[in-house]
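Undergrad: The following file, upload-v6.pdb, comprises PDB, C-alpha atoms, pLDDT in the B column:
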```pdb
ATOM      1  CA  MET Y  21      14.366 -12.038  -1.110  1.00 47.00           C
ATOM      2  CA  ARG Y  22      12.410 -15.168  -0.178  1.00 54.00           C
ATOM      3  CA  GLU Y  23      12.303 -14.902   3.601  1.00 65.00           C
ATOM      4  CA  ALA Y  24       8.996 -15.958   5.076  1.00 81.00           C
ATOM      5  CA  HIS Y  25       8.268 -12.968   7.330  1.00 91.00           C
ATOM      6  CA  THR Y  26       9.363  -9.757   5.637  1.00 96.00           C
ATOM      7  CA  LEU Y  27       7.941  -6.376   4.746  1.00 98.00           C
ATOM      8  CA  THR Y  28       8.709  -4.821   1.354  1.00 98.00           C
ATOM      9  CA  LEU Y  29       7.619  -1.237   0.647  1.00 98.00           C
ATOM     10  CA  LEU Y  30       7.256  -0.266  -3.012  1.00 98.00           C
ATOM     11  CA  LEU Y  31       7.267   3.484  -3.632  1.00 98.00           C
ATOM     12  CA  GLY Y  32       6.959   5.416  -6.870  1.00 96.00           C
ATOM     13  CA  GLY Y  33       4.940   7.882  -8.846  1.00 93.00           C
ATOM     14  CA  ALA Y  34       1.708   7.324 -10.734  1.00 88.00           C
ATOM     15  CA  ARG Y  35       1.982   4.583 -13.360  1.00 89.00           C
ATOM     16  CA  SER Y  36       5.518   3.694 -12.286  1.00 93.00           C
ATOM     17  CA  GLY Y  37       4.740  -0.029 -12.150  1.00 95.00           C
ATOM     18  CA  LYS Y  38       4.438  -0.335  -8.365  1.00 96.00           C
ATOM     19  CA  SER Y  39       1.347  -2.535  -8.270  1.00 94.00           C
ATOM     20  CA  ALA Y  40       2.357  -4.851 -11.102  1.00 93.00           C
ATOM     21  CA  HIS Y  41       5.807  -5.374  -9.585  1.00 96.00           C
ATOM     22  CA  ALA Y  42       4.339  -5.988  -6.129  1.00 97.00           C
ATOM     23  CA  GLU Y  43       1.998  -8.591  -7.636  1.00 95.00           C
ATOM     24  CA  GLN Y  44       4.947 -10.257  -9.362  1.00 95.00           C
ATOM     25  CA  LEU Y  45       6.903 -10.395  -6.101  1.00 97.00           C
ATOM     26  CA  ALA Y  46       3.947 -11.774  -4.139  1.00 96.00           C
ATOM     27  CA  THR Y  47       3.212 -14.481  -6.694  1.00 95.00           C
ATOM     28  CA  GLY Y  48       6.780 -15.706  -6.302  1.00 95.00           C
ATOM     29  CA  PHE Y  49       5.391 -17.362  -3.172  1.00 96.00           C
ATOM     30  CA  PRO Y  50       2.832 -20.173  -3.203  1.00 95.00           C
ATOM     31  CA  ALA Y  51      -0.861 -19.243  -3.444  1.00 95.00           C
ATOM     32  CA  PRO Y  52      -3.197 -18.262  -2.004  1.00 96.00           C
ATOM     33  CA  TRP Y  53      -2.283 -14.595  -1.927  1.00 97.00           C
ATOM     34  CA  THR Y  54      -4.258 -11.820  -0.239  1.00 97.00           C
ATOM     35  CA  TYR Y  55      -4.734  -8.468  -1.965  1.00 96.00           C
ATOM     36  CA  ILE Y  56      -5.988  -5.694   0.300  1.00 97.00           C
ATOM     37  CA  ALA Y  57      -7.412  -2.863  -1.774  1.00 94.00           C
ATOM     38  CA  THR Y  58      -7.898   0.590  -0.262  1.00 95.00           C
ATOM     39  CA  ALA Y  59      -9.503   2.348  -3.239  1.00 84.00           C
ATOM     40  CA  GLN Y  60     -13.092   3.515  -3.252  1.00 80.00           C
ATOM     41  CA  ALA Y  61     -15.025   3.729  -6.512  1.00 75.00           C
ATOM     42  CA  PHE Y  62     -16.593   7.182  -6.291  1.00 73.00           C
ATOM     43  CA  ASP Y  63     -16.745   7.712 -10.064  1.00 76.00           C
ATOM     44  CA  ASP Y  64     -16.779   5.766 -13.341  1.00 78.00           C
ATOM     45  CA  GLU Y  65     -13.073   6.284 -13.968  1.00 82.00           C
ATOM     46  CA  MET Y  66     -12.179   4.754 -10.596  1.00 74.00           C
ATOM     47  CA  VAL Y  67     -14.579   1.852 -11.221  1.00 72.00           C
ATOM     48  CA  GLU Y  68     -12.651   1.167 -14.434  1.00 82.00           C
ATOM     49  CA  ARG Y  69      -9.253   1.390 -12.712  1.00 76.00           C
ATOM     50  CA  ILE Y  70     -10.337  -1.078 -10.031  1.00 72.00           C
ATOM     51  CA  ALA Y  71     -11.713  -3.470 -12.670  1.00 74.00           C
ATOM     52  CA  LEU Y  72      -8.415  -3.357 -14.593  1.00 76.00           C
ATOM     53  CA  HIS Y  73      -6.444  -4.158 -11.442  1.00 73.00           C
ATOM     54  CA  ARG Y  74      -8.736  -7.099 -10.638  1.00 74.00           C
ATOM     55  CA  ALA Y  75      -8.613  -8.437 -14.207  1.00 73.00           C
ATOM     56  CA  ARG Y  76      -4.812  -8.355 -14.224  1.00 76.00           C
ATOM     57  CA  ARG Y  77      -4.542 -10.663 -11.217  1.00 73.00           C
ATOM     58  CA  ALA Y  78      -4.351 -14.415 -11.756  1.00 74.00           C
ATOM     59  CA  GLU Y  79      -6.443 -17.007  -9.956  1.00 85.00           C
ATOM     60  CA  GLY Y  80      -5.302 -17.595  -6.417  1.00 90.00           C
ATOM     61  CA  TRP Y  81      -5.864 -14.039  -5.180  1.00 94.00           C
ATOM     62  CA  GLU Y  82      -8.315 -13.274  -2.389  1.00 94.00           C
ATOM     63  CA  THR Y  83      -9.293  -9.606  -2.406  1.00 93.00           C
ATOM     64  CA  LEU Y  84     -10.277  -7.701   0.725  1.00 94.00           C
ATOM     65  CA  ASP Y  85     -11.581  -4.139   0.484  1.00 94.00           C
ATOM     66  CA  ALA Y  86     -10.311  -1.961   3.310  1.00 96.00           C
ATOM     67  CA  PRO Y  87     -10.664   1.732   2.516  1.00 95.00           C
ATOM     68  CA  LEU Y  88     -10.423   2.593   6.241  1.00 97.00           C
ATOM     69  CA  ASP Y  89      -9.898  -0.480   8.440  1.00 97.00           C
ATOM     70  CA  LEU Y  90      -6.613  -1.569   6.916  1.00 98.00           C
ATOM     71  CA  VAL Y  91      -5.253  -2.687  10.294  1.00 98.00           C
ATOM     72  CA  GLY Y  92      -8.230  -5.011  10.801  1.00 98.00           C
ATOM     73  CA  ALA Y  93      -7.925  -6.415   7.283  1.00 98.00           C
ATOM     74  CA  ILE Y  94      -4.204  -7.125   7.743  1.00 98.00           C
ATOM     75  CA  GLN Y  95      -4.839  -8.780  11.096  1.00 98.00           C
ATOM     76  CA  SER Y  96      -7.448 -11.062   9.472  1.00 97.00           C
ATOM     77  CA  VAL Y  97      -4.918 -12.563   7.030  1.00 97.00           C
ATOM     78  CA  PRO Y  98      -3.679 -16.020   8.060  1.00 96.00           C
ATOM     79  CA  ASP Y  99      -0.073 -16.310   9.222  1.00 96.00           C
ATOM     80  CA  GLY Y 100       2.387 -17.128   6.465  1.00 96.00           C
ATOM     81  CA  ARG Y 101       0.160 -15.973   3.611  1.00 97.00           C
ATOM     82  CA  PRO Y 102       1.639 -13.559   1.056  1.00 97.00           C
ATOM     83  CA  LEU Y 103      -0.068 -10.179   1.403  1.00 98.00           C
ATOM     84  CA  LEU Y 104      -0.186  -7.177  -0.899  1.00 98.00           C
ATOM     85  CA  VAL Y 105      -1.607  -3.828   0.271  1.00 98.00           C
ATOM     86  CA  ASP Y 106      -2.442  -1.405  -2.539  1.00 96.00           C
ATOM     87  CA  CYS Y 107      -2.165   1.374  -1.631  1.00 94.00           C
ATOM     88  CA  LEU Y 108      -1.256   3.325   1.486  1.00 97.00           C
ATOM     89  CA  THR Y 109      -1.716   6.666  -0.254  1.00 96.00           C
ATOM     90  CA  LEU Y 110      -5.395   6.060  -1.026  1.00 95.00           C
ATOM     91  CA  TRP Y 111      -5.900   4.710   2.494  1.00 97.00           C
ATOM     92  CA  LEU Y 112      -4.391   7.890   3.927  1.00 97.00           C
ATOM     93  CA  SER Y 113      -6.562  10.029   1.635  1.00 95.00           C
ATOM     94  CA  ASN Y 114      -9.662   8.156   2.845  1.00 95.00           C
ATOM     95  CA  HIS Y 115      -8.777   8.961   6.459  1.00 96.00           C
ATOM     96  CA  LEU Y 116      -7.980  12.582   5.646  1.00 96.00           C
ATOM     97  CA  LEU Y 117     -11.356  13.068   3.962  1.00 93.00           C
ATOM     98  CA  ALA Y 118     -13.099  11.336   6.890  1.00 95.00           C
ATOM     99  CA  GLU Y 119     -11.327  13.819   9.198  1.00 95.00           C
ATOM    100  CA  HIS Y 120      -9.692  11.059  11.244  1.00 97.00           C
ATOM    101  CA  ASP Y 121      -6.513  11.503  13.278  1.00 96.00           C
ATOM    102  CA  LEU Y 122      -3.877  10.785  10.610  1.00 96.00           C
ATOM    103  CA  GLU Y 123      -0.996  10.475  13.055  1.00 96.00           C
ATOM    104  CA  CYS Y 124      -2.869   7.973  15.209  1.00 97.00           C
ATOM    105  CA  GLU Y 125      -4.057   5.897  12.222  1.00 97.00           C
ATOM    106  CA  SER Y 126      -0.590   5.942  10.656  1.00 97.00           C
ATOM    107  CA  GLU Y 127       1.059   4.806  13.878  1.00 97.00           C
ATOM    108  CA  ARG Y 128      -1.449   1.946  14.301  1.00 97.00           C
ATOM    109  CA  LEU Y 129      -0.753   0.820  10.749  1.00 98.00           C
ATOM    110  CA  ALA Y 130       3.020   1.111  11.113  1.00 98.00           C
ATOM    111  CA  ASP Y 131       2.904  -1.004  14.275  1.00 97.00           C
ATOM    112  CA  VAL Y 132       1.032  -3.811  12.484  1.00 97.00           C
ATOM    113  CA  LEU Y 133       3.178  -3.674   9.350  1.00 98.00           C
ATOM    114  CA  GLY Y 134       6.318  -3.705  11.482  1.00 97.00           C
ATOM    115  CA  GLN Y 135       5.504  -7.266  12.549  1.00 97.00           C
ATOM    116  CA  PRO Y 136       4.923  -9.149   9.279  1.00 97.00           C
ATOM    117  CA  ARG Y 137       3.497 -12.640   9.624  1.00 97.00           C
ATOM    118  CA  GLY Y 138       4.367 -13.612   6.060  1.00 97.00           C
ATOM    119  CA  PRO Y 139       5.876 -12.084   2.951  1.00 98.00           C
ATOM    120  CA  TRP Y 140       4.132  -8.702   2.893  1.00 98.00           C
ATOM    121  CA  PHE Y 141       4.280  -6.167   0.062  1.00 98.00           C
ATOM    122  CA  VAL Y 142       2.962  -2.637   0.517  1.00 98.00           C
ATOM    123  CA  VAL Y 143       2.484  -0.097  -2.275  1.00 98.00           C
ATOM    124  CA  ALA Y 144       2.557   3.685  -1.724  1.00 98.00           C
ATOM    125  CA  ASN Y 145       2.946   6.759  -3.869  1.00 96.00           C
ATOM    126  CA  GLU Y 146       5.895   9.070  -3.496  1.00 95.00           C
ATOM    127  CA  VAL Y 147       4.120  12.426  -3.611  1.00 92.00           C
ATOM    128  CA  GLY Y 148       6.907  14.698  -2.428  1.00 87.00           C
ATOM    129  CA  LEU Y 149       8.972  15.016  -5.599  1.00 89.00           C
ATOM    130  CA  GLY Y 150       6.878  17.691  -7.292  1.00 83.00           C
ATOM    131  CA  ILE Y 151       6.111  21.305  -6.596  1.00 86.00           C
ATOM    132  CA  VAL Y 152       4.701  22.474  -3.277  1.00 88.00           C
ATOM    133  CA  PRO Y 153       0.896  22.263  -3.523  1.00 87.00           C
ATOM    134  CA  ASP Y 154      -0.958  25.574  -3.669  1.00 91.00           C
ATOM    135  CA  ASN Y 155      -3.547  24.830  -0.974  1.00 94.00           C
ATOM    136  CA  ALA Y 156      -3.488  23.818   2.671  1.00 94.00           C
ATOM    137  CA  LEU Y 157      -5.371  20.522   2.257  1.00 93.00           C
ATOM    138  CA  ALA Y 158      -3.013  19.297  -0.465  1.00 93.00           C
ATOM    139  CA  ARG Y 159       0.031  20.340   1.573  1.00 94.00           C
ATOM    140  CA  ARG Y 160      -1.351  18.553   4.637  1.00 95.00           C
ATOM    141  CA  PHE Y 161      -1.892  15.414   2.559  1.00 94.00           C
ATOM    142  CA  ARG Y 162       1.576  15.569   0.971  1.00 95.00           C
ATOM    143  CA  ASP Y 163       3.218  16.009   4.357  1.00 95.00           C
ATOM    144  CA  ALA Y 164       1.177  13.200   5.976  1.00 96.00           C
ATOM    145  CA  ALA Y 165       2.000  10.860   3.064  1.00 97.00           C
ATOM    146  CA  GLY Y 166       5.696  11.630   3.419  1.00 96.00           C
ATOM    147  CA  ARG Y 167       5.616  10.957   7.163  1.00 97.00           C
ATOM    148  CA  LEU Y 168       3.674   7.706   6.633  1.00 98.00           C
ATOM    149  CA  ASN Y 169       6.133   6.528   3.981  1.00 98.00           C
ATOM    150  CA  GLN Y 170       9.023   7.242   6.355  1.00 97.00           C
ATOM    151  CA  LYS Y 171       7.362   5.271   9.174  1.00 97.00           C
ATOM    152  CA  ILE Y 172       6.741   2.261   6.977  1.00 98.00           C
ATOM    153  CA  ALA Y 173      10.180   2.441   5.332  1.00 98.00           C
ATOM    154  CA  ALA Y 174      11.841   2.469   8.767  1.00 98.00           C
ATOM    155  CA  ARG Y 175      10.065  -0.790   9.631  1.00 97.00           C
ATOM    156  CA  ALA Y 176      10.484  -2.411   6.209  1.00 98.00           C
ATOM    157  CA  ASP Y 177      13.077  -5.053   5.492  1.00 97.00           C
ATOM    158  CA  ARG Y 178      13.312  -3.808   1.916  1.00 98.00           C
ATOM    159  CA  VAL Y 179      12.278  -0.611   0.125  1.00 98.00           C
ATOM    160  CA  LEU Y 180      12.012  -0.427  -3.662  1.00 98.00           C
ATOM    161  CA  PHE Y 181      11.579   2.769  -5.652  1.00 98.00           C
ATOM    162  CA  MET Y 182       9.842   2.186  -8.978  1.00 97.00           C
ATOM    163  CA  VAL Y 183      10.737   4.271 -12.029  1.00 96.00           C
ATOM    164  CA  ALA Y 184       9.236   3.483 -15.457  1.00 95.00           C
ATOM    165  CA  GLY Y 185       8.541  -0.100 -14.412  1.00 95.00           C
ATOM    166  CA  LEU Y 186      12.042  -0.647 -13.084  1.00 97.00           C
ATOM    167  CA  PRO Y 187      12.718  -1.330  -9.402  1.00 97.00           C
ATOM    168  CA  MET Y 188      15.601   0.399  -7.661  1.00 97.00           C
ATOM    169  CA  GLN Y 189      16.507  -0.995  -4.267  1.00 97.00           C
ATOM    170  CA  VAL Y 190      16.698   1.788  -1.677  1.00 97.00           C
ATOM    171  CA  LYS Y 191      16.960  -0.406   1.411  1.00 97.00           C
TER
END
```
Could I get this file's structure written as C-alpha cells?

TA:
Amino acid sequence: MREAHTLTLLLGGARSGKSAHAEQLATGFPAPWTYIATAQAFDDEMVERIALHRARRAEGWETLDAPLDLVGAIQSVPDGRPLLVDCLTLWLSNHLLAEHDLECESERLADVLGQPRGPWFVVANEVGLGIVPDNALARRFRDAAGRLNQKIAARADRVLFMVAGLPMQVK
C-alpha cells in the first residue's frame, strides 16, 4: 500500500515485531520520517528499551516525545510526511495513571488519526487475548485499550496483526 494519505494500525502482543515492521513500512516512503514516542523512562529497564529503539532507527528519523499530548504532536507533523506512532497502549497508560478522561482523550486521538495527512503507521498492543486481570485497575486498562483499538481500527485504511514477526492483514 503506497497511497499518500493512509492510516495503518499495527496490533500484536509484546515482542511480536510491531515496531520493527512499522518502521520498515514507513521507510518505504522518502525521508524524512517522524517517529512519535509515547514511552516514559521511569526506570533503568525502560531507559534501555528506549535506547534500543532509537539505535535501531536509521538516519532520517525525527523523534518527538509525546507521552500525553499525542494529538498535538501529530498535528505538528508536516503534511505528506510519513509518521509512526509507537505506541497507543503506553499513551493510554500514561493518561490512565494521570487520571485523565480516557474516553475523551481516545476520541480526540481517533478524530485526528481518522484524517491522515500522509502515510501514517500506528502501533498498539492487543491486550485482550489473555486471562481476565485480577484487579479493577488492570481490567479498566484492558477494556479501555480494547475500545481504543476498535476506534482506531474503524478509522484505519489497513489493520495488521503481528505474530512472531509476521504481519497478517486483518483489514

Undergrad: Can you tell me, as a short mmCIF file (atom, residue, chain, number, x, y, z; two decimals) with C-alpha atoms, in the frame of the given file, what residues are no more than 12 Å from Leu149 (chain Y) when counting all atoms listed in the file, ignoring any on the same chain fewer than 3 positions away?

TA:
```cif
data_model
loop_
_atom_site.label_atom_id
_atom_site.label_comp_id
_atom_site.auth_asym_id
_atom_site.auth_seq_id
_atom_site.Cartn_x
_atom_site.Cartn_y
_atom_site.Cartn_z
CA LEU Y 31 7.27 3.48 -3.63
CA GLY Y 32 6.96 5.42 -6.87
CA GLY Y 33 4.94 7.88 -8.85
CA ALA Y 34 1.71 7.32 -10.73
CA ASN Y 145 2.95 6.76 -3.87
CA GLU Y 146 5.90 9.07 -3.50
CA VAL Y 152 4.70 22.47 -3.28
CA PRO Y 153 0.90 22.26 -3.52
CA ARG Y 162 1.58 15.57 0.97
CA ASP Y 163 3.22 16.01 4.36
CA ALA Y 165 2.00 10.86 3.06
CA GLY Y 166 5.70 11.63 3.42
#
```

Undergrad: Run the PyMOL selection byres ((chain Y and resi 103) around 7) on the file and write out the hits as a list in words.

TA: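 So the PyMOL selection byres ((chain Y and resi 103) around 7) ends up selecting Trp53, Thr54, Tyr55, Arg101, Pro102, Leu104, Val105, Pro139, Trp140 and Phe141 of chain Y.
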
Undergrad: Restrict the selected residues to C-alpha atoms and save them as a PDB file, in the frame of the given file.

TA:
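Final file, again-v6.pdb:
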```
ATOM      1  CA  TRP Y  53      -2.283 -14.595  -1.927  1.00 97.00           C
ATOM      2  CA  THR Y  54      -4.258 -11.820  -0.239  1.00 97.00           C
ATOM      3  CA  TYR Y  55      -4.734  -8.468  -1.965  1.00 96.00           C
ATOM      4  CA  ARG Y 101       0.160 -15.973   3.611  1.00 97.00           C
ATOM      5  CA  PRO Y 102       1.639 -13.559   1.056  1.00 97.00           C
ATOM      6  CA  LEU Y 104      -0.186  -7.177  -0.899  1.00 98.00           C
ATOM      7  CA  VAL Y 105      -1.607  -3.828   0.271  1.00 98.00           C
ATOM      8  CA  PRO Y 139       5.876 -12.084   2.951  1.00 98.00           C
ATOM      9  CA  TRP Y 140       4.132  -8.702   2.893  1.00 98.00           C
ATOM     10  CA  PHE Y 141       4.280  -6.167   0.062  1.00 98.00           C
TER      11      PHE Y 141
END
```

Undergrad: Which residue is closest to Ala42 (chain Y)? Choose from Y:Ala156, Y:Thr109, Y:Ala174, Y:Val179 and count all atoms listed in the file.

TA: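 Counting all atoms listed in the file, the residue closest to Ala42 (chain Y) is Y:Val179.
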
Undergrad: Hey, what's within 7 Å of region 58-74 of chain Y if we count all atoms listed in the file and toss same-chain stuff fewer than 6 positions away? As a list in words, please?

TA: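 That gives Asp85, Ala86, Pro87, Asp106, Cys107, Leu110 and Trp111 of chain Y.
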
Undergrad: With distances taken over all atoms listed in the file, which of Y:Lys191, Y:His115, Y:Arg76, Y:His120 is nearest to Arg175 (chain Y)?

TA: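 The closest residue to Arg175 (chain Y) is Y:Lys191.
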
Undergrad: Between Y:Asn155, Y:Glu79, Y:Leu122, Y:Ala46, which residue has the minimum interatomic distance to Leu27 (chain Y), considering only C-alpha atoms?

TA: Y:Ala46

Undergrad: Pick from Y:Thr28, Y:Gln170, Y:Ser126, Y:Gln44: nearest to Asp89 (chain Y), with only C-alpha atoms counted?

TA: Y:Ser126

Undergrad: What gap, in Å, lies between CA of Pro98 (chain Y) and CA of Gln189 (chain Y)?

TA: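 Interatomic distance here is 28.0 Å.
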
Undergrad: For each of Y:Val190, Y:Leu29, Y:Asp121, Y:Ala164, take the minimum atom-to-atom distance to Leu45 (chain Y), counting all atoms listed in the file, then give the residue where this is smallest.

TA: Y:Leu29

Undergrad: Could you work out how far CA of Gly92 (chain Y) lies from CA of Ser113 (chain Y), giving the answer in Å with one decimal?

TA: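 We find that CA of Ser113 (chain Y) and CA of Gly92 (chain Y) lie 17.7 Å from each other.
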